[in-house]
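> To start, I am sharing the structure in question, which I have written as structure tokens.
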Protein chains: 2
Amino acid sequence: MPELDAIDRKILSHLQNDSRMTMQELADKVGLSVSPCHRRVRLLEERGVISRYIATVDQKALGLHVSVFISIKLARQKEEDLNRFARAISKWDEVLECYLMTGNRDYLLRVVAADLASYETFLKTKLTRLDGIASIESSFALSQVKYSIALPV
Amino acid sequence: MPELDAIDRKILSHLQNDSRMTMQELADKVGLSVSPCHRRVRLLEERGVISRYIATVDQKALGLHVSVFISIKLARQKEEDLNRFARAISKWDEVLECYLMTGNRDYLLRVVAADLASYETFLKTKLTRLDGIASIESSFALSQVKYSIALPV
DNA sequence: CGTCTGATTGGTAAAATATCCCAATATCGG
DNA sequence: CCGATATTGGGATATTTTACCAATCAGACG
């Protein structure tokens, strides 16, 4: 796997913030002409460094006013239990992020919902119906101070 | 602000997962021809429902192996203190997410770093140098079970 | 039940952009 | 300094986006 050089990193940095700019614009910004710039982008895609191109949607515009962080502890932590839990939460669109954690909590989830009522529905019809959960603790976000998808390059 | 109808939601749902498909493909998927589909996308952009188009980059490919959640409590919670904190963390690329929380912790941050050493550098040279922080508590993610940018539509 | 009005759709053509090919240039090891 | 290899740049072509306009559809109202 070849290393990323300074130009590759510039390309990633720009595309992480705006993937709609033209190759000409991107090439200008990174100091190349269109051809080599295009080839570098294609290689980054093929190597999986660039994984996808997506549109970001405004959470408020969709009426999703509630963001919740949920700490979860499982009754047992065998691999089979962890896998079962992972499969379940992967299906649910409300769960945007899920991490297996160190410390005394097993999982940390970020969940969005339209309001408290629909969050309660999510809890009652989905999360609490899972087997093997020892405890659930919800912490609500009052506001999103920063949200970025752009990794430091 | 006009409501989003079923076709708008289909458009958003597809573009959240792949913004590189052509208008022709998208139009086929939502059951329209290119013209009205294109017009709807443009309106969604103008209304701010679609906020940006971006490339997603693979965290491992960049060598960012450490994900940390940091709970922070401030010494005081006056608006001026909150704003000062928000301005500071907004500048730092390592901080991908920051939420103002309910409960006994003021902020929850998600931070990425190459390894523990560079995370320590982040703490020592940036976070702990901020004034007005009463306590910092780091929780490490062992693995990312799910990470999605696609909001439920 | 028909007709009018405004909004939405679909097709087409022009403009912008991506993509590919090949020659020119730069880089690195000896 | 020279040769081999990788990278770059320009131009031609194919694809895609975008704007325009006529046709269709939905709903209000007599």
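Labels used: A, B, ... for chains in the order of the structure tokens, numbers from 1 for residues in each chain, and numbers from 1 for ligands as shown.
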Please identify every residue of chain D that has at least one atom no more than 12 Å from any atom of chain A, counting only C-alpha atoms (C1' of nucleotides), and report them as a PDB file with N, CA, C and O atoms (P, O5', C5', C4', C3', O3' and C1' of nucleotides), in the first residue's frame.

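Below is the file part.pdb, written as the result:
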```
ATOM      1  P    DA D   6       7.246   1.773 -12.379  1.00  0.00           P
ATOM      2  O5'  DA D   6       6.819   3.221 -11.879  1.00  0.00           O
ATOM      3  C5'  DA D   6       7.588   3.862 -10.864  1.00  0.00           C
ATOM      4  C4'  DA D   6       7.218   5.327 -10.794  1.00  0.00           C
ATOM      5  C3'  DA D   6       5.703   5.585 -10.771  1.00  0.00           C
ATOM      6  O3'  DA D   6       5.424   6.548  -9.762  1.00  0.00           O
ATOM      7  C1'  DA D   6       6.690   6.784 -12.552  1.00  0.00           C
ATOM      8  P    DT D   7       3.928   7.013  -9.454  1.00  0.00           P
ATOM      9  O5'  DT D   7       3.861   8.444 -10.163  1.00  0.00           O
ATOM     10  C5'  DT D   7       4.845   9.426  -9.841  1.00  0.00           C
ATOM     11  C4'  DT D   7       4.636  10.623 -10.732  1.00  0.00           C
ATOM     12  C3'  DT D   7       3.193  11.135 -10.786  1.00  0.00           C
ATOM     13  O3'  DT D   7       3.167  12.481 -10.369  1.00  0.00           O
ATOM     14  C1'  DT D   7       4.123  10.965 -12.964  1.00  0.00           C
ATOM     15  P    DT D   8       1.834  13.343 -10.397  1.00  0.00           P
ATOM     16  O5'  DT D   8       1.969  14.176 -11.750  1.00  0.00           O
ATOM     17  C5'  DT D   8       3.106  15.001 -11.943  1.00  0.00           C
ATOM     18  C4'  DT D   8       3.103  15.562 -13.348  1.00  0.00           C
ATOM     19  C3'  DT D   8       1.863  16.380 -13.705  1.00  0.00           C
ATOM     20  O3'  DT D   8       2.261  17.715 -13.975  1.00  0.00           O
ATOM     21  C1'  DT D   8       2.398  14.810 -15.421  1.00  0.00           C
ATOM     22  P    DG D   9       1.157  18.892 -14.029  1.00  0.00           P
ATOM     23  O5'  DG D   9       0.844  18.982 -15.590  1.00  0.00           O
ATOM     24  C5'  DG D   9       1.905  19.194 -16.487  1.00  0.00           C
ATOM     25  C4'  DG D   9       1.388  19.206 -17.914  1.00  0.00           C
ATOM     26  C3'  DG D   9       0.066  19.952 -18.117  1.00  0.00           C
ATOM     27  O3'  DG D   9       0.233  20.854 -19.202  1.00  0.00           O
ATOM     28  C1'  DG D   9      -0.097  17.728 -18.988  1.00  0.00           C
ATOM     29  P    DG D  10      -0.901  21.880 -19.643  1.00  0.00           P
ATOM     30  O5'  DG D  10      -1.420  21.260 -21.026  1.00  0.00           O
ATOM     31  C5'  DG D  10      -0.476  20.877 -22.017  1.00  0.00           C
ATOM     32  C4'  DG D  10      -1.177  20.199 -23.173  1.00  0.00           C
ATOM     33  C3'  DG D  10      -2.489  20.851 -23.597  1.00  0.00           C
ATOM     34  O3'  DG D  10      -2.520  20.950 -25.011  1.00  0.00           O
ATOM     35  C1'  DG D  10      -2.863  18.565 -23.088  1.00  0.00           C
ATOM     36  P    DG D  11      -3.705  21.747 -25.754  1.00  0.00           P
ATOM     37  O5'  DG D  11      -4.472  20.570 -26.507  1.00  0.00           O
ATOM     38  C5'  DG D  11      -3.720  19.546 -27.151  1.00  0.00           C
ATOM     39  C4'  DG D  11      -4.640  18.386 -27.493  1.00  0.00           C
ATOM     40  C3'  DG D  11      -6.006  18.808 -28.032  1.00  0.00           C
ATOM     41  O3'  DG D  11      -6.364  17.950 -29.102  1.00  0.00           O
ATOM     42  C1'  DG D  11      -6.302  17.414 -26.164  1.00  0.00           C
TER      43       DG D  11
END
```
> What would you get as a compact mmCIF listing (two decimals) with C-alpha atoms, in the first residue's frame if chain B were moved onto chain A by least squares over all of its C-alpha atoms in order?

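Written file, out-v1.txt:
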```txt
# COMPACT_ATOMS: atom_id res chain seq x y z
CA MET B 1 0.05 0.07 0.06
CA PRO B 2 1.75 3.23 -1.10
CA GLU B 3 1.89 6.14 1.30
CA LEU B 4 -0.23 9.24 0.90
CA ASP B 5 1.87 12.20 -0.17
CA ALA B 6 1.14 15.87 0.44
CA ILE B 7 -0.97 16.22 -2.70
CA ASP B 8 -3.07 13.17 -1.85
CA ARG B 9 -3.77 14.67 1.55
CA LYS B 10 -4.75 17.98 0.02
CA ILE B 11 -7.13 16.16 -2.30
CA LEU B 12 -8.70 14.29 0.62
CA SER B 13 -8.95 17.44 2.67
CA HIS B 14 -10.86 19.22 -0.07
CA LEU B 15 -13.11 16.33 -1.05
CA GLN B 16 -14.06 15.76 2.58
CA ASN B 17 -15.56 19.24 2.59
CA ASP B 18 -16.91 19.45 -0.94
CA SER B 19 -17.08 16.56 -3.33
CA ARG B 20 -19.01 18.52 -5.91
CA MET B 21 -16.23 20.75 -7.12
CA THR B 22 -15.07 19.91 -10.62
CA MET B 23 -11.80 18.18 -11.33
CA GLN B 24 -10.61 21.48 -12.76
CA GLU B 25 -11.27 23.31 -9.49
CA LEU B 26 -9.76 20.53 -7.40
CA ALA B 27 -6.72 20.36 -9.67
CA ASP B 28 -6.20 24.11 -9.31
CA LYS B 29 -6.47 23.90 -5.53
CA VAL B 30 -3.87 21.13 -5.22
CA GLY B 31 -1.55 22.49 -7.90
CA LEU B 32 -1.94 19.88 -10.61
CA SER B 33 -3.61 19.73 -13.97
CA VAL B 34 -6.80 17.79 -14.46
CA SER B 35 -5.33 14.51 -15.70
CA PRO B 36 -2.99 13.59 -12.84
CA CYS B 37 -5.47 14.93 -10.33
CA HIS B 38 -8.19 12.72 -11.73
CA ARG B 39 -5.88 9.73 -11.71
CA ARG B 40 -4.99 10.31 -8.06
CA VAL B 41 -8.64 10.56 -7.06
CA ARG B 42 -9.40 7.31 -8.88
CA LEU B 43 -6.51 5.57 -7.14
CA LEU B 44 -7.67 6.85 -3.75
CA GLU B 45 -11.09 5.40 -4.52
CA GLU B 46 -9.69 2.06 -5.67
CA ARG B 47 -7.48 1.78 -2.60
CA GLY B 48 -10.51 2.45 -0.41
CA VAL B 49 -9.07 5.61 1.10
CA ILE B 50 -12.07 7.43 -0.28
CA SER B 51 -14.89 5.10 0.63
CA ARG B 52 -18.02 6.89 -0.56
CA TYR B 53 -19.55 10.08 -1.87
CA ILE B 54 -22.64 11.21 -0.03
CA ALA B 55 -25.01 14.11 0.50
CA THR B 56 -25.40 15.42 4.03
CA VAL B 57 -28.91 16.27 5.13
CA ASP B 58 -29.92 18.87 7.69
CA GLN B 59 -31.17 17.18 10.85
CA LYS B 60 -33.52 20.02 11.77
CA ALA B 61 -34.98 20.16 8.26
CA LEU B 62 -36.05 16.55 8.77
CA GLY B 63 -37.58 17.43 12.12
CA LEU B 64 -35.16 15.23 14.06
CA HIS B 65 -34.87 17.40 17.13
CA VAL B 66 -33.68 14.80 19.62
CA SER B 67 -30.15 13.40 19.86
CA VAL B 68 -29.46 10.85 22.53
CA PHE B 69 -26.39 9.03 23.71
CA ILE B 70 -27.13 5.65 25.18
CA SER B 71 -24.76 3.65 27.34
CA ILE B 72 -25.50 -0.03 27.34
CA LYS B 73 -24.23 -2.87 29.43
CA LEU B 74 -24.80 -6.45 28.36
CA ALA B 75 -25.50 -9.31 30.73
CA ARG B 76 -22.69 -11.32 29.17
CA GLN B 77 -19.83 -10.25 26.91
CA LYS B 78 -19.14 -13.42 24.96
CA GLU B 79 -18.38 -12.92 21.29
CA GLU B 80 -21.71 -14.42 20.32
CA ASP B 81 -23.55 -11.93 22.54
CA LEU B 82 -21.61 -9.01 21.10
CA ASN B 83 -22.29 -10.13 17.54
CA ARG B 84 -25.98 -10.56 18.18
CA PHE B 85 -26.18 -7.07 19.61
CA ALA B 86 -24.19 -5.58 16.72
CA ARG B 87 -26.43 -7.23 14.12
CA ALA B 88 -29.56 -5.92 15.81
CA ILE B 89 -28.55 -2.28 16.13
CA SER B 90 -27.08 -2.26 12.62
CA LYS B 91 -30.56 -2.70 11.19
CA TRP B 92 -32.04 0.32 12.95
CA ASP B 93 -31.84 3.62 11.09
CA GLU B 94 -32.28 5.64 14.28
CA VAL B 95 -28.88 4.43 15.48
CA LEU B 96 -26.27 6.51 13.70
CA GLU B 97 -23.24 5.45 15.66
CA CYS B 98 -22.33 2.56 17.91
CA TYR B 99 -19.01 1.90 19.62
CA LEU B 100 -17.73 -0.95 21.71
CA MET B 101 -16.17 0.77 24.69
CA THR B 102 -13.58 0.22 27.37
CA GLY B 103 -14.60 0.81 30.97
CA ASN B 104 -17.73 -0.27 32.77
CA ARG B 105 -20.11 0.32 29.86
CA ASP B 106 -20.05 -2.03 26.90
CA TYR B 107 -21.56 0.13 24.16
CA LEU B 108 -22.12 3.76 23.41
CA LEU B 109 -24.84 4.61 20.87
CA ARG B 110 -25.87 7.84 19.24
CA VAL B 111 -29.54 7.82 18.33
CA VAL B 112 -31.69 10.49 16.68
CA ALA B 113 -35.46 10.87 16.87
CA ALA B 114 -38.14 13.40 15.97
CA ASP B 115 -39.15 14.02 19.58
CA LEU B 116 -39.22 12.40 22.99
CA ALA B 117 -42.31 10.41 22.12
CA SER B 118 -40.71 8.74 19.13
CA TYR B 119 -37.54 8.16 21.13
CA GLU B 120 -39.67 6.40 23.72
CA THR B 121 -41.17 4.30 20.93
CA PHE B 122 -37.69 3.38 19.78
CA LEU B 123 -36.76 2.29 23.30
CA LYS B 124 -39.94 0.32 23.91
CA THR B 125 -40.33 -1.40 20.56
CA LYS B 126 -36.69 -1.99 19.73
CA LEU B 127 -33.90 -1.50 22.21
CA THR B 128 -35.50 -2.85 25.39
CA ARG B 129 -36.82 -5.87 23.51
CA LEU B 130 -33.31 -7.13 22.87
CA ASP B 131 -32.24 -10.06 25.01
CA GLY B 132 -29.15 -9.90 27.13
CA ILE B 133 -29.14 -6.22 28.01
CA ALA B 134 -28.26 -5.57 31.63
CA SER B 135 -28.71 -1.80 31.70
CA ILE B 136 -29.54 1.20 29.54
CA GLU B 137 -28.70 4.79 30.37
CA SER B 138 -29.80 7.70 28.16
CA SER B 139 -28.10 11.09 28.06
CA PHE B 140 -29.71 13.81 25.99
CA ALA B 141 -27.88 16.34 23.87
CA LEU B 142 -29.13 19.89 24.32
CA SER B 143 -27.33 21.09 21.22
CA GLN B 144 -24.82 20.02 18.64
CA VAL B 145 -21.82 22.27 19.17
CA LYS B 146 -19.76 20.65 16.41
CA TYR B 147 -20.40 17.90 13.92
CA SER B 148 -17.83 17.06 11.31
CA ILE B 149 -17.25 14.09 9.04
CA ALA B 150 -13.87 15.40 7.90
CA LEU B 151 -11.05 13.39 9.43
CA PRO B 152 -7.77 15.20 10.08
CA VAL B 153 -5.41 14.41 7.17
```
> Hey, list the chain C side of the contact with chain B: 10 Å cut-off, only C-alpha atoms (C1' of nucleotides), answer as number ranges by chain.
C: 8-11
> Between C1' of DA16 in chain C and C1' of DA23 in chain D, what is the spacing in Å?
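Computed distance, C1' of DA23 in chain D to C1' of DA16 in chain C, equals 27.8 Å.
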> Out of range 43-81 of chain B, which residues get strand (DSSP E or B) from DSSP, as a PyMOL selection string?
chain B and resi 50-57+66-74
> Output N, CA, C and O atoms of each residue in that selection to a file, as a short mmCIF file (atom, residue, chain, number, x, y, z; two decimals), in the first residue's frame.

```cif
data_model
loop_
_atom_site.label_atom_id
_atom_site.label_comp_id
_atom_site.auth_asym_id
_atom_site.auth_seq_id
_atom_site.Cartn_x
_atom_site.Cartn_y
_atom_site.Cartn_z
N ILE B 50 -30.66 19.46 1.77
CA ILE B 50 -29.35 18.91 1.45
C ILE B 50 -28.34 20.01 1.73
O ILE B 50 -28.40 21.09 1.13
N SER B 51 -27.45 19.77 2.69
CA SER B 51 -26.54 20.85 3.05
C SER B 51 -25.23 20.80 2.28
O SER B 51 -24.72 21.83 1.86
N ARG B 52 -24.67 19.60 2.09
CA ARG B 52 -23.40 19.51 1.38
C ARG B 52 -23.25 18.17 0.67
O ARG B 52 -23.97 17.22 0.94
N TYR B 53 -22.27 18.12 -0.22
CA TYR B 53 -21.86 16.86 -0.83
C TYR B 53 -20.40 16.64 -0.43
O TYR B 53 -19.56 17.54 -0.61
N ILE B 54 -20.13 15.47 0.09
CA ILE B 54 -18.78 15.22 0.59
C ILE B 54 -18.31 13.81 0.26
O ILE B 54 -19.11 12.93 -0.05
N ALA B 55 -16.99 13.62 0.32
CA ALA B 55 -16.41 12.29 0.22
C ALA B 55 -16.12 11.80 1.63
O ALA B 55 -15.68 12.56 2.48
N THR B 56 -16.39 10.53 1.88
CA THR B 56 -16.04 9.96 3.18
C THR B 56 -14.73 9.19 3.04
O THR B 56 -14.52 8.48 2.07
N VAL B 57 -13.88 9.38 4.02
CA VAL B 57 -12.53 8.81 3.98
C VAL B 57 -12.41 7.74 5.05
O VAL B 57 -12.98 7.85 6.14
N VAL B 66 -7.31 5.49 16.93
CA VAL B 66 -7.86 5.75 18.26
C VAL B 66 -9.09 6.66 18.18
O VAL B 66 -9.03 7.73 17.57
N SER B 67 -10.19 6.19 18.75
CA SER B 67 -11.39 7.02 18.89
C SER B 67 -11.70 7.16 20.38
O SER B 67 -11.76 6.16 21.09
N VAL B 68 -11.89 8.38 20.80
CA VAL B 68 -12.10 8.63 22.21
C VAL B 68 -13.33 9.48 22.43
O VAL B 68 -13.59 10.41 21.67
N PHE B 69 -14.09 9.14 23.44
CA PHE B 69 -15.18 10.00 23.88
C PHE B 69 -14.74 10.69 25.15
O PHE B 69 -14.25 10.04 26.08
N ILE B 70 -14.90 11.99 25.18
CA ILE B 70 -14.45 12.77 26.32
C ILE B 70 -15.63 13.50 26.94
O ILE B 70 -16.32 14.24 26.25
N SER B 71 -15.82 13.26 28.23
CA SER B 71 -16.83 14.01 28.98
C SER B 71 -16.15 15.16 29.68
O SER B 71 -15.12 14.98 30.34
N ILE B 72 -16.72 16.32 29.54
CA ILE B 72 -16.10 17.51 30.10
C ILE B 72 -17.08 18.28 30.97
O ILE B 72 -18.25 18.44 30.61
N LYS B 73 -16.58 18.72 32.09
CA LYS B 73 -17.38 19.57 32.96
C LYS B 73 -16.66 20.91 33.09
O LYS B 73 -15.46 20.95 33.32
N LEU B 74 -17.40 21.98 32.91
CA LEU B 74 -16.81 23.31 33.04
C LEU B 74 -16.95 23.81 34.48
O LEU B 74 -17.83 23.36 35.22
#
```
